[in-house]
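Dropping input-v9.cif in here (mmCIF, N, CA and C atoms):
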```
data_protein
loop_
_atom_site.label_atom_id
_atom_site.label_comp_id
_atom_site.auth_asym_id
_atom_site.auth_seq_id
_atom_site.Cartn_x
_atom_site.Cartn_y
_atom_site.Cartn_z
N MET A 1 32.10 -49.01 -5.06
CA MET A 1 31.07 -49.14 -4.07
C MET A 1 30.12 -47.94 -4.16
N VAL A 2 28.84 -48.17 -4.31
CA VAL A 2 27.82 -47.13 -4.41
C VAL A 2 27.17 -46.98 -3.05
N LYS A 3 27.15 -45.77 -2.57
CA LYS A 3 26.52 -45.52 -1.28
C LYS A 3 25.06 -45.13 -1.49
N THR A 4 24.19 -45.64 -0.69
CA THR A 4 22.78 -45.26 -0.74
C THR A 4 22.39 -44.73 0.63
N PRO A 5 21.62 -43.64 0.65
CA PRO A 5 21.23 -43.08 1.95
C PRO A 5 20.28 -44.01 2.69
N LYS A 6 20.38 -43.99 3.97
CA LYS A 6 19.48 -44.78 4.81
C LYS A 6 18.71 -43.82 5.71
N TRP A 7 17.48 -44.17 6.01
CA TRP A 7 16.70 -43.38 6.95
C TRP A 7 16.05 -44.31 7.95
N LYS A 8 15.82 -43.73 9.11
CA LYS A 8 15.28 -44.51 10.21
C LYS A 8 13.86 -44.97 9.93
N GLU A 9 13.05 -44.09 9.37
CA GLU A 9 11.67 -44.42 9.06
C GLU A 9 11.21 -43.63 7.85
N SER A 10 10.20 -44.09 7.22
CA SER A 10 9.64 -43.38 6.07
C SER A 10 8.83 -42.18 6.56
N PRO A 11 8.90 -41.07 5.82
CA PRO A 11 8.10 -39.91 6.22
C PRO A 11 6.61 -40.22 6.16
N SER A 12 5.90 -39.65 7.09
CA SER A 12 4.45 -39.86 7.14
C SER A 12 3.78 -39.12 5.99
N GLU A 13 2.84 -39.78 5.36
CA GLU A 13 2.10 -39.15 4.26
C GLU A 13 0.93 -38.32 4.76
N THR A 14 0.65 -38.39 6.03
CA THR A 14 -0.50 -37.65 6.58
C THR A 14 -0.09 -36.33 7.23
N LYS A 15 1.18 -36.07 7.35
CA LYS A 15 1.62 -34.82 7.97
C LYS A 15 1.35 -33.64 7.05
N THR A 16 0.99 -32.53 7.66
CA THR A 16 0.78 -31.30 6.90
C THR A 16 1.67 -30.22 7.49
N PRO A 17 2.06 -29.26 6.69
CA PRO A 17 2.91 -28.19 7.21
C PRO A 17 2.20 -27.39 8.29
N ARG A 18 2.97 -26.90 9.25
CA ARG A 18 2.39 -26.11 10.33
C ARG A 18 1.86 -24.78 9.83
N ARG A 19 2.53 -24.20 8.89
CA ARG A 19 2.11 -22.92 8.33
C ARG A 19 1.55 -23.14 6.93
N GLN A 20 0.35 -22.66 6.71
CA GLN A 20 -0.29 -22.84 5.42
C GLN A 20 -0.12 -21.63 4.50
N GLU A 21 0.29 -20.47 5.06
CA GLU A 21 0.36 -19.27 4.24
C GLU A 21 1.57 -19.28 3.32
N ASN A 22 1.53 -18.47 2.32
CA ASN A 22 2.60 -18.33 1.36
C ASN A 22 3.78 -17.63 2.03
N PRO A 23 4.96 -18.28 2.07
CA PRO A 23 6.11 -17.66 2.73
C PRO A 23 6.60 -16.41 2.01
N GLU A 24 6.22 -16.25 0.75
CA GLU A 24 6.61 -15.07 -0.01
C GLU A 24 5.69 -13.87 0.25
N SER A 25 4.55 -14.09 0.84
CA SER A 25 3.57 -13.03 1.05
C SER A 25 4.06 -12.03 2.10
N THR A 26 3.78 -10.77 1.85
CA THR A 26 4.13 -9.72 2.81
C THR A 26 2.89 -9.19 3.52
N ASP A 27 1.76 -9.82 3.29
CA ASP A 27 0.50 -9.36 3.88
C ASP A 27 0.52 -9.36 5.40
N ASN A 28 1.27 -10.25 6.01
CA ASN A 28 1.31 -10.33 7.47
C ASN A 28 2.53 -9.63 8.06
N GLN A 29 3.17 -8.80 7.25
CA GLN A 29 4.29 -8.00 7.73
C GLN A 29 3.81 -6.57 7.96
N THR A 30 4.50 -5.87 8.84
CA THR A 30 4.16 -4.47 9.09
C THR A 30 4.65 -3.61 7.93
N ILE A 31 4.01 -2.48 7.79
CA ILE A 31 4.31 -1.56 6.71
C ILE A 31 5.64 -0.84 6.98
N ALA A 32 6.35 -0.54 5.90
CA ALA A 32 7.55 0.29 5.96
C ALA A 32 7.36 1.42 4.96
N TRP A 33 7.80 2.60 5.31
CA TRP A 33 7.60 3.79 4.47
C TRP A 33 8.86 4.11 3.68
N HIS A 34 8.70 4.43 2.41
CA HIS A 34 9.79 4.95 1.59
C HIS A 34 9.32 6.25 0.94
N LEU A 35 10.24 7.18 0.82
CA LEU A 35 9.90 8.49 0.27
C LEU A 35 10.61 8.77 -1.05
N ASN A 36 11.17 7.73 -1.66
CA ASN A 36 11.98 7.94 -2.87
C ASN A 36 11.18 8.34 -4.11
N VAL A 37 9.87 8.12 -4.15
CA VAL A 37 9.07 8.55 -5.31
C VAL A 37 8.12 9.68 -4.95
N LEU A 38 8.26 10.23 -3.78
CA LEU A 38 7.38 11.29 -3.29
C LEU A 38 7.33 12.43 -4.31
N ASP A 39 6.14 12.79 -4.72
CA ASP A 39 5.93 13.84 -5.71
C ASP A 39 5.74 15.17 -4.97
N THR A 40 6.66 16.09 -5.19
CA THR A 40 6.57 17.37 -4.48
C THR A 40 5.78 18.41 -5.27
N ASP A 41 5.67 18.22 -6.59
CA ASP A 41 4.95 19.19 -7.43
C ASP A 41 3.63 18.59 -7.89
N GLY A 42 3.00 19.26 -8.83
CA GLY A 42 1.75 18.76 -9.38
C GLY A 42 0.58 19.01 -8.45
N PRO A 43 -0.61 18.61 -8.88
CA PRO A 43 -1.84 18.90 -8.13
C PRO A 43 -1.88 18.28 -6.74
N TRP A 44 -1.16 17.16 -6.55
CA TRP A 44 -1.19 16.47 -5.25
C TRP A 44 0.20 16.42 -4.64
N GLY A 45 1.04 17.37 -5.05
CA GLY A 45 2.41 17.42 -4.56
C GLY A 45 2.47 17.80 -3.09
N TRP A 46 3.51 17.34 -2.46
CA TRP A 46 3.65 17.54 -1.02
C TRP A 46 3.97 18.98 -0.64
N LYS A 47 4.31 19.82 -1.60
CA LYS A 47 4.53 21.24 -1.29
C LYS A 47 3.24 21.89 -0.80
N SER A 48 2.10 21.31 -1.20
CA SER A 48 0.82 21.89 -0.78
C SER A 48 0.37 21.41 0.60
N CYS A 49 1.09 20.49 1.18
CA CYS A 49 0.73 19.98 2.50
C CYS A 49 1.23 20.94 3.58
N THR A 50 0.31 21.48 4.35
CA THR A 50 0.69 22.42 5.40
C THR A 50 1.23 21.67 6.61
N ASP A 51 1.97 22.40 7.45
CA ASP A 51 2.46 21.80 8.69
C ASP A 51 1.31 21.28 9.53
N SER A 52 0.23 22.03 9.56
CA SER A 52 -0.93 21.63 10.34
C SER A 52 -1.51 20.30 9.85
N HIS A 53 -1.66 20.17 8.52
CA HIS A 53 -2.16 18.91 7.97
C HIS A 53 -1.21 17.77 8.29
N PHE A 54 0.09 18.03 8.12
CA PHE A 54 1.05 16.96 8.37
C PHE A 54 0.98 16.47 9.80
N TRP A 55 1.07 17.39 10.75
CA TRP A 55 1.13 16.99 12.16
C TRP A 55 -0.22 16.55 12.71
N ASN A 56 -1.30 17.19 12.28
CA ASN A 56 -2.62 16.88 12.85
C ASN A 56 -3.36 15.76 12.14
N VAL A 57 -3.04 15.50 10.88
CA VAL A 57 -3.78 14.50 10.13
C VAL A 57 -2.89 13.31 9.74
N ILE A 58 -1.77 13.57 9.14
CA ILE A 58 -0.95 12.51 8.55
C ILE A 58 -0.08 11.78 9.57
N PHE A 59 0.68 12.52 10.35
CA PHE A 59 1.70 11.92 11.21
C PHE A 59 1.15 10.86 12.16
N GLY A 60 0.12 11.18 12.88
CA GLY A 60 -0.45 10.24 13.85
C GLY A 60 -0.99 8.98 13.19
N LYS A 61 -1.67 9.17 12.06
CA LYS A 61 -2.24 8.02 11.36
C LYS A 61 -1.12 7.14 10.79
N ALA A 62 -0.11 7.77 10.20
CA ALA A 62 1.01 7.00 9.65
C ALA A 62 1.73 6.23 10.75
N ARG A 63 1.86 6.84 11.89
CA ARG A 63 2.49 6.16 13.03
C ARG A 63 1.68 4.94 13.47
N SER A 64 0.37 5.08 13.49
CA SER A 64 -0.46 3.94 13.89
C SER A 64 -0.41 2.82 12.84
N PHE A 65 -0.28 3.19 11.56
CA PHE A 65 -0.15 2.17 10.51
C PHE A 65 1.10 1.32 10.70
N GLU A 66 2.16 1.92 11.24
CA GLU A 66 3.42 1.19 11.43
C GLU A 66 3.28 0.01 12.38
N THR A 67 2.27 0.00 13.20
CA THR A 67 2.07 -1.10 14.14
C THR A 67 1.17 -2.18 13.56
N MET A 68 0.68 -1.96 12.33
CA MET A 68 -0.29 -2.87 11.72
C MET A 68 0.33 -3.63 10.55
N THR A 69 -0.22 -4.81 10.28
CA THR A 69 0.19 -5.54 9.09
C THR A 69 -0.57 -5.00 7.89
N TRP A 70 -0.11 -5.37 6.71
CA TRP A 70 -0.83 -4.95 5.50
C TRP A 70 -2.26 -5.47 5.51
N THR A 71 -2.44 -6.69 6.00
CA THR A 71 -3.79 -7.25 6.07
C THR A 71 -4.68 -6.38 6.96
N ASP A 72 -4.16 -5.98 8.12
CA ASP A 72 -4.93 -5.13 9.03
C ASP A 72 -5.25 -3.78 8.41
N ILE A 73 -4.27 -3.18 7.75
CA ILE A 73 -4.47 -1.87 7.14
C ILE A 73 -5.55 -1.93 6.07
N LEU A 74 -5.48 -2.96 5.23
CA LEU A 74 -6.42 -3.05 4.12
C LEU A 74 -7.81 -3.50 4.56
N ARG A 75 -7.93 -3.98 5.77
CA ARG A 75 -9.27 -4.29 6.31
C ARG A 75 -9.99 -3.01 6.71
N GLY A 76 -9.22 -1.95 6.94
CA GLY A 76 -9.83 -0.66 7.29
C GLY A 76 -10.67 -0.17 6.13
N GLY A 77 -11.83 0.35 6.40
CA GLY A 77 -12.78 0.72 5.37
C GLY A 77 -12.30 1.71 4.34
N ASN A 78 -11.39 2.61 4.70
CA ASN A 78 -10.96 3.66 3.76
C ASN A 78 -9.58 3.41 3.18
N ASN A 79 -9.05 2.22 3.33
CA ASN A 79 -7.72 1.89 2.81
C ASN A 79 -7.88 0.79 1.78
N HIS A 80 -7.42 1.05 0.56
CA HIS A 80 -7.61 0.03 -0.46
C HIS A 80 -6.69 0.21 -1.66
N GLN A 81 -6.61 -0.88 -2.41
CA GLN A 81 -5.88 -0.93 -3.65
C GLN A 81 -6.81 -0.45 -4.76
N ILE A 82 -6.26 0.35 -5.69
CA ILE A 82 -7.07 0.87 -6.79
C ILE A 82 -6.28 0.73 -8.09
N LYS A 83 -6.93 0.23 -9.10
CA LYS A 83 -6.31 0.11 -10.42
C LYS A 83 -6.03 1.51 -10.97
N VAL A 84 -4.87 1.66 -11.59
CA VAL A 84 -4.49 2.96 -12.14
C VAL A 84 -5.51 3.46 -13.16
N ASN A 85 -6.11 2.55 -13.91
CA ASN A 85 -7.08 3.00 -14.92
C ASN A 85 -8.39 3.48 -14.29
N GLN A 86 -8.52 3.39 -12.96
CA GLN A 86 -9.72 3.87 -12.28
C GLN A 86 -9.53 5.25 -11.64
N ILE A 87 -8.30 5.76 -11.65
CA ILE A 87 -8.08 7.09 -11.09
C ILE A 87 -8.32 8.12 -12.19
N CYS A 88 -8.44 9.38 -11.79
CA CYS A 88 -8.75 10.43 -12.76
C CYS A 88 -7.63 10.55 -13.81
N LEU A 89 -7.99 11.05 -14.99
CA LEU A 89 -7.03 11.17 -16.08
C LEU A 89 -5.86 12.06 -15.73
N GLU A 90 -6.12 13.11 -14.98
CA GLU A 90 -5.05 14.03 -14.58
C GLU A 90 -4.00 13.29 -13.73
N ALA A 91 -4.44 12.41 -12.86
CA ALA A 91 -3.51 11.63 -12.03
C ALA A 91 -2.75 10.63 -12.88
N GLN A 92 -3.42 10.03 -13.87
CA GLN A 92 -2.75 9.10 -14.76
C GLN A 92 -1.66 9.82 -15.56
N LYS A 93 -1.96 11.04 -16.01
CA LYS A 93 -0.97 11.83 -16.75
C LYS A 93 0.19 12.21 -15.84
N ARG A 94 -0.13 12.53 -14.59
CA ARG A 94 0.93 12.90 -13.65
C ARG A 94 1.86 11.71 -13.39
N LEU A 95 1.32 10.51 -13.33
CA LEU A 95 2.16 9.32 -13.17
C LEU A 95 3.16 9.22 -14.32
N ALA A 96 2.70 9.51 -15.54
CA ALA A 96 3.60 9.48 -16.71
C ALA A 96 4.67 10.55 -16.58
N GLU A 97 4.29 11.74 -16.15
CA GLU A 97 5.24 12.85 -16.01
C GLU A 97 6.35 12.53 -15.02
N ILE A 98 5.99 11.83 -13.95
CA ILE A 98 7.00 11.52 -12.92
C ILE A 98 7.59 10.11 -13.11
N ARG A 99 7.32 9.53 -14.27
CA ARG A 99 7.87 8.22 -14.66
C ARG A 99 7.51 7.09 -13.69
N GLN A 100 6.25 7.09 -13.29
CA GLN A 100 5.72 6.02 -12.45
C GLN A 100 4.53 5.35 -13.12
N ASP A 101 4.45 5.45 -14.43
CA ASP A 101 3.29 4.93 -15.16
C ASP A 101 3.45 3.47 -15.57
N ASP A 102 4.42 2.78 -15.01
CA ASP A 102 4.61 1.37 -15.31
C ASP A 102 3.97 0.46 -14.26
N ILE A 103 3.14 1.02 -13.42
CA ILE A 103 2.48 0.24 -12.37
C ILE A 103 1.01 0.04 -12.71
N ASP A 104 0.43 -1.01 -12.15
CA ASP A 104 -0.98 -1.31 -12.41
C ASP A 104 -1.89 -0.83 -11.29
N ASP A 105 -1.34 -0.74 -10.08
CA ASP A 105 -2.16 -0.43 -8.90
C ASP A 105 -1.52 0.65 -8.05
N LEU A 106 -2.38 1.43 -7.42
CA LEU A 106 -1.96 2.36 -6.39
C LEU A 106 -2.72 1.99 -5.12
N TYR A 107 -2.26 2.51 -4.00
CA TYR A 107 -2.96 2.29 -2.74
C TYR A 107 -3.34 3.63 -2.16
N SER A 108 -4.55 3.69 -1.66
CA SER A 108 -5.10 4.90 -1.05
C SER A 108 -5.40 4.60 0.41
N PHE A 109 -4.87 5.45 1.29
CA PHE A 109 -5.15 5.33 2.72
C PHE A 109 -5.99 6.52 3.14
N GLY A 110 -7.18 6.24 3.64
CA GLY A 110 -8.03 7.29 4.18
C GLY A 110 -7.51 7.71 5.54
N LEU A 111 -7.35 8.99 5.74
CA LEU A 111 -6.75 9.46 6.98
C LEU A 111 -7.79 9.98 7.97
N MET A 112 -8.64 10.87 7.49
CA MET A 112 -9.66 11.48 8.36
C MET A 112 -10.60 12.25 7.45
N GLY A 113 -11.76 11.74 7.20
CA GLY A 113 -12.66 12.40 6.27
C GLY A 113 -12.15 12.29 4.84
N LYS A 114 -12.03 13.40 4.16
CA LYS A 114 -11.61 13.41 2.76
C LYS A 114 -10.13 13.10 2.52
N PRO A 115 -9.21 13.59 3.33
CA PRO A 115 -7.78 13.44 2.99
C PRO A 115 -7.34 12.00 2.76
N ARG A 116 -6.52 11.83 1.72
CA ARG A 116 -5.98 10.53 1.36
C ARG A 116 -4.47 10.62 1.17
N LEU A 117 -3.82 9.54 1.53
CA LEU A 117 -2.40 9.36 1.28
C LEU A 117 -2.30 8.31 0.19
N TRP A 118 -1.62 8.62 -0.91
CA TRP A 118 -1.51 7.71 -2.04
C TRP A 118 -0.09 7.22 -2.20
N GLY A 119 0.04 5.97 -2.63
CA GLY A 119 1.37 5.44 -2.86
C GLY A 119 1.37 4.13 -3.61
N ILE A 120 2.56 3.58 -3.71
CA ILE A 120 2.80 2.36 -4.46
C ILE A 120 3.26 1.30 -3.47
N ARG A 121 2.67 0.13 -3.54
CA ARG A 121 3.09 -0.97 -2.67
C ARG A 121 4.15 -1.80 -3.38
N ASP A 122 5.25 -2.04 -2.68
CA ASP A 122 6.33 -2.88 -3.17
C ASP A 122 6.68 -3.84 -2.05
N GLY A 123 6.01 -4.99 -2.03
CA GLY A 123 6.17 -5.92 -0.91
C GLY A 123 5.56 -5.31 0.33
N ARG A 124 6.35 -5.19 1.39
CA ARG A 124 5.83 -4.58 2.61
C ARG A 124 6.03 -3.06 2.61
N ILE A 125 6.70 -2.55 1.59
CA ILE A 125 7.04 -1.13 1.52
C ILE A 125 5.92 -0.34 0.87
N PHE A 126 5.58 0.79 1.48
CA PHE A 126 4.64 1.75 0.91
C PHE A 126 5.47 2.95 0.46
N LYS A 127 5.56 3.12 -0.86
CA LYS A 127 6.29 4.25 -1.42
C LYS A 127 5.32 5.42 -1.49
N VAL A 128 5.48 6.37 -0.62
CA VAL A 128 4.57 7.51 -0.53
C VAL A 128 4.69 8.34 -1.80
N LEU A 129 3.54 8.63 -2.39
CA LEU A 129 3.52 9.35 -3.66
C LEU A 129 2.82 10.70 -3.52
N TRP A 130 1.54 10.70 -3.17
CA TRP A 130 0.74 11.92 -3.20
C TRP A 130 0.00 12.19 -1.91
N TRP A 131 -0.29 13.46 -1.71
CA TRP A 131 -1.16 13.95 -0.65
C TRP A 131 -2.40 14.50 -1.35
N ASP A 132 -3.56 13.90 -1.06
CA ASP A 132 -4.81 14.25 -1.73
C ASP A 132 -5.81 14.73 -0.67
N PRO A 133 -5.71 16.00 -0.26
CA PRO A 133 -6.54 16.48 0.84
C PRO A 133 -8.04 16.56 0.52
N GLU A 134 -8.39 16.64 -0.76
CA GLU A 134 -9.81 16.79 -1.14
C GLU A 134 -10.40 15.54 -1.79
N HIS A 135 -9.68 14.43 -1.77
CA HIS A 135 -10.17 13.16 -2.32
C HIS A 135 -10.55 13.31 -3.78
N THR A 136 -9.65 13.89 -4.60
CA THR A 136 -9.94 14.15 -6.01
C THR A 136 -9.31 13.15 -6.97
N ILE A 137 -8.33 12.38 -6.52
CA ILE A 137 -7.66 11.43 -7.41
C ILE A 137 -8.62 10.33 -7.85
N CYS A 138 -9.39 9.85 -6.92
CA CYS A 138 -10.39 8.82 -7.23
C CYS A 138 -11.60 9.09 -6.34
N PRO A 139 -12.37 10.11 -6.70
CA PRO A 139 -13.50 10.46 -5.83
C PRO A 139 -14.55 9.36 -5.78
N SER A 140 -15.14 9.22 -4.61
CA SER A 140 -16.23 8.25 -4.49
C SER A 140 -17.52 9.03 -4.37
N TYR A 141 -18.51 8.55 -5.05
CA TYR A 141 -19.80 9.22 -5.04
C TYR A 141 -20.80 8.35 -4.32
N LYS A 142 -21.55 8.93 -3.42
CA LYS A 142 -22.58 8.18 -2.71
C LYS A 142 -23.78 8.00 -3.62
N LYS A 143 -24.38 6.83 -3.50
CA LYS A 143 -25.57 6.56 -4.31
C LYS A 143 -26.70 7.52 -3.96
N HIS A 144 -27.48 7.86 -4.97
CA HIS A 144 -28.67 8.69 -4.80
C HIS A 144 -28.37 10.09 -4.28
N THR A 145 -27.19 10.64 -4.65
CA THR A 145 -26.90 12.03 -4.25
C THR A 145 -26.69 12.89 -5.45
#
```
Could I get this file's structure written as structure tokens?
Amino acid sequence: MVKTPKWKESPSETKTPRRQENPESTDNQTIAWHLNVLDTDGPWGWKSCTDSHFWNVIFGKARSFETMTWTDILRGGNNHQIKVNQICLEAQKRLAEIRQDDIDDLYSFGLMGKPRLWGIRDGRIFKVLWWDPEHTICPSYKKHT
């Protein structure tokens, strides 16, 4: 005897899923911080970050980022993804020195004026890498200056 499944009614062909977004996407998740690749030496090493910079510039901004999704963070004018081949050569060499040169993109978060927080995005995780107080890793130049 062969059993065949029975159903009460045929599924509707006009129904659409309630959620249209990609379930694998982490864009609508809040950021999480990891410090496992944090570079303490080199030109943008964290040893050069003073207590004053940490508490007055970085800490408050990082705390506010924790309440935001990746989409919200990246909508901010000074926060963006940057291709590794667009950063300065010294930074590219430093990535090789610290064995992080297998990535294609870095993320830069503008904190207040020039200072930038640099890292690697891994899903919803931001792996903090560098402290760039003078915006030298990928300087932006204003037109006609």
To verify the selection step, state as a PyMOL selection string which residues the PyMOL selection byres (((chain A and resi 119 and name CA) around 10) and name CA) yields on this input. chain A and resi 33-35+37-39+81+105-109+116-118+120-122+125-131
Quick one: pick out all helix (DSSP H, G or I) residues within chain A from a backbone DSSP run and write them as number ranges by chain. A: 46-48, 51-65, 70-75, 84-86, 89-97
A:Trp44, A:Thr30, A:Ser140, A:Thr14 ranked by distance to A:Thr67, top pick (using all atoms listed in the file): A:Thr30
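The residues caught by the PyMOL selection byres ((chain A and resi 50-65) around 8) in this file are A:Thr30, A:Ile31, A:Ala32, A:Trp46, A:Lys47, A:Ser48, A:Cys49, A:Glu66, A:Thr67, A:Met68, A:Thr69, A:Trp70, A:Ile73, A:Gly110, A:Leu111, A:Met112.
Going from atom CA of A:His135 over to atom CA of A:Arg75, you cover 19.5 Å.
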Using atom CA of A:Thr71 and atom CA of A:Arg94 as the two end points, give the distance in Å to one decimal. 28.6 Å
Run DSSP on the backbone and grab whatever in chain A lands in strand (DSSP E); send it over as a PyMOL selection string. chain A and resi 32-34+79-83+105-110+116-122+125-132
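Coordinates place atom N of A:Gly113 at a distance of 25.8 Å from atom C of A:Asn36.
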Enumerate, as a PyMOL selection string, the residues matched when the PyMOL selection byres (((chain A and resi 91 and name CA) around 12) and name CA) is run on the file above. chain A and resi 39+42-45+83-90+92-98+100-101+106+118+129-132+135-139
Is it possible to get the axis-aligned box enclosing stretch 69-85 of chain A (all listed atoms, 3 Å extra per side) as lines of an AutoDock Vina configuration file, with centre and edge lengths in Å rounded to one decimal?
```
center_x = -6.3
center_y = -1.8
center_z = -2.3
size_x = 19.0
size_y = 16.9
size_z = 31.2
```
Taking into account only C-alpha atoms, which residue in the set A:Asn78, A:Thr4, A:Glu134, A:Asp72 is nearest to A:Thr26? A:Asp72
